[in-house]
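Novice: Provided herewith is a single structure, encoded as structure tokens, for subsequent inquiry.
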Amino acid sequence: MDIFQKCFDFDLDKQAMEKGLYPYFQPLDGLEGTEAVFHGRRLIMIGSNNYLGLTMHPKVREAARKALEEFGPSCTGSRFLNGTLKLHEELEARLAAFVGKDAALVFSTGMQTNLGAISALIGRNDVVITDKDDHASIVDGCRLGMGEMKRYVHGDLDQLERILQKIPPESGAMVVVDGVFSMGGDIVDLPKLVDVCQRYGARLYVDDAHSLGILGGGHGTAWHFGLTDKVDLIMGTFSKSFASLGGFVAGDKDVINYIKHTARSFIFSASLPAPNAMAAFAALEVMETEPEHVQRLWENAHFMMKGFRELGFNIGNTETPIIPVIIGEDETCFRFWKELFDGGVYTNPVISPAVPEGMALLRTSYMATHTKEQLQRALDIFEKAGKKFGII
């Protein structure tokens, strides 16, 4: 059997292309915050994680430009050896303070953060438990660990408790969960989760990739609930509200130091380039000094939630600027996406197995910098497509 045979047999993309419905890897000519340019045509971008719109902020762009001039485009080595800049350590100190923790460690990507931090902490006799809707980086980080991985039905903290009850006292346990779930837009029930973890002595790791810049005035899920001291580790990414690339984990200084010396994705990866680090640093300063961005983001999110619901769309249980529009069958979802794309709106189609059969959706997400005119235009195009396909 040729190991490549599965590659030769794979044709799902070709089937979609033949129907003119392939939605992925669209090569954009430009990406200017709230708008994307495709073949010279401008589309309203409601498929980006640029929640605060800071990729276009002049302070962020200028910081990245200056860092490029001073440090160049690469550190040419891992943090462990020659790739640590004073800038990295200054950023780590500021991030730790921002999320209310003792120390932080910056990784080159968000994916690497979860891969490295989780796997470093899960030893042979340990158990890691995750929500079934957690991000793929969490799942893969757990799989890389040497311990046992268990999962509970999305949001079912009673099932989580039953799992924890069965873990022997000689085994360490850690629960890893998203603060805001990236597809549904719902927020974890952190108060109940903290209570369950404390009753069974389990450590708690919260992935705030989609929470920073959104919840708690931008400080994240634990801050939002007033439970910062009850969450052991807080993870974040720079590719969303921080308008850059990279990630970090924050917590007790001894735990962070252990991760720093044992996380393979940290030790064996080139360090975060200075322009990315400075962009994240500048975005953090904007969050701290210009709270109006978070306020405008929530105004736009509520505008769109209200608009979709009044039109009759099913947007699930979202509570955040991530708003899924549930379409149904996979091909219908692709056709709906194409109708929107041709009409001037950029969204992200999500089909099975990423979601259950019959629950294909368009993941939409919003920015502080969207204008009400852009958002109303998007709703008008959705309404036309929804009626055409019998969704509303």
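Chain labels follow the order of the structure tokens: the first chain is A, the next B, and so on; residue numbering restarts at 1 in every chain, and ligands are counted from 1 in their shown order.
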Please return as a VMD selection string: the residues of range 249-364 of chain A that backbone DSSP assigns to helix (DSSP H, G or I).

Specialist: chain A and resid 253 to 262 264 to 267 274 to 289 292 to 311 330 to 343

Novice: Name the residues of range 27-231 of chain A that come out as strand (DSSP E or B) in a backbone DSSP run; write them as a PyMOL selection string.

Specialist: chain A and resi 30-32+35-38+41-45+78+103-107+127-131+148-152+173-178+180+187+203-207

Novice: Under the rule that only C-alpha atoms are counted, which of A:Ala243, A:Ile351, A:Val127, A:Ile118 is the nearest residue to Val286 in chain A?

Specialist: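 Nearest to Val286 in chain A: A:Ala243.
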
Novice: Compare A:Ser241, A:Ser137, A:Thr130, A:Ser74 by their minimum atom-to-atom distance to Val177 in chain A, counting only C-alpha atoms, and give me the closest one.

Specialist: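 Nearest to Val177 in chain A: A:Thr130.
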
Novice: Within 10 Å of Leu54 in chain A, counting only C-alpha atoms, which residues qualify if same-chain residues fewer than 6 places away don't, as a list in words?

Specialist: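 Skipping anything fewer than 6 positions along the chain leaves Gly33, Val60, Arg61, Lys240, Ser241, Phe242, Ala243, Ser244, Ala279, Ala280, Ala282, Ala283, Leu284, Val286, Met287, His293, Met367, Ala368 and Thr369 of chain A.
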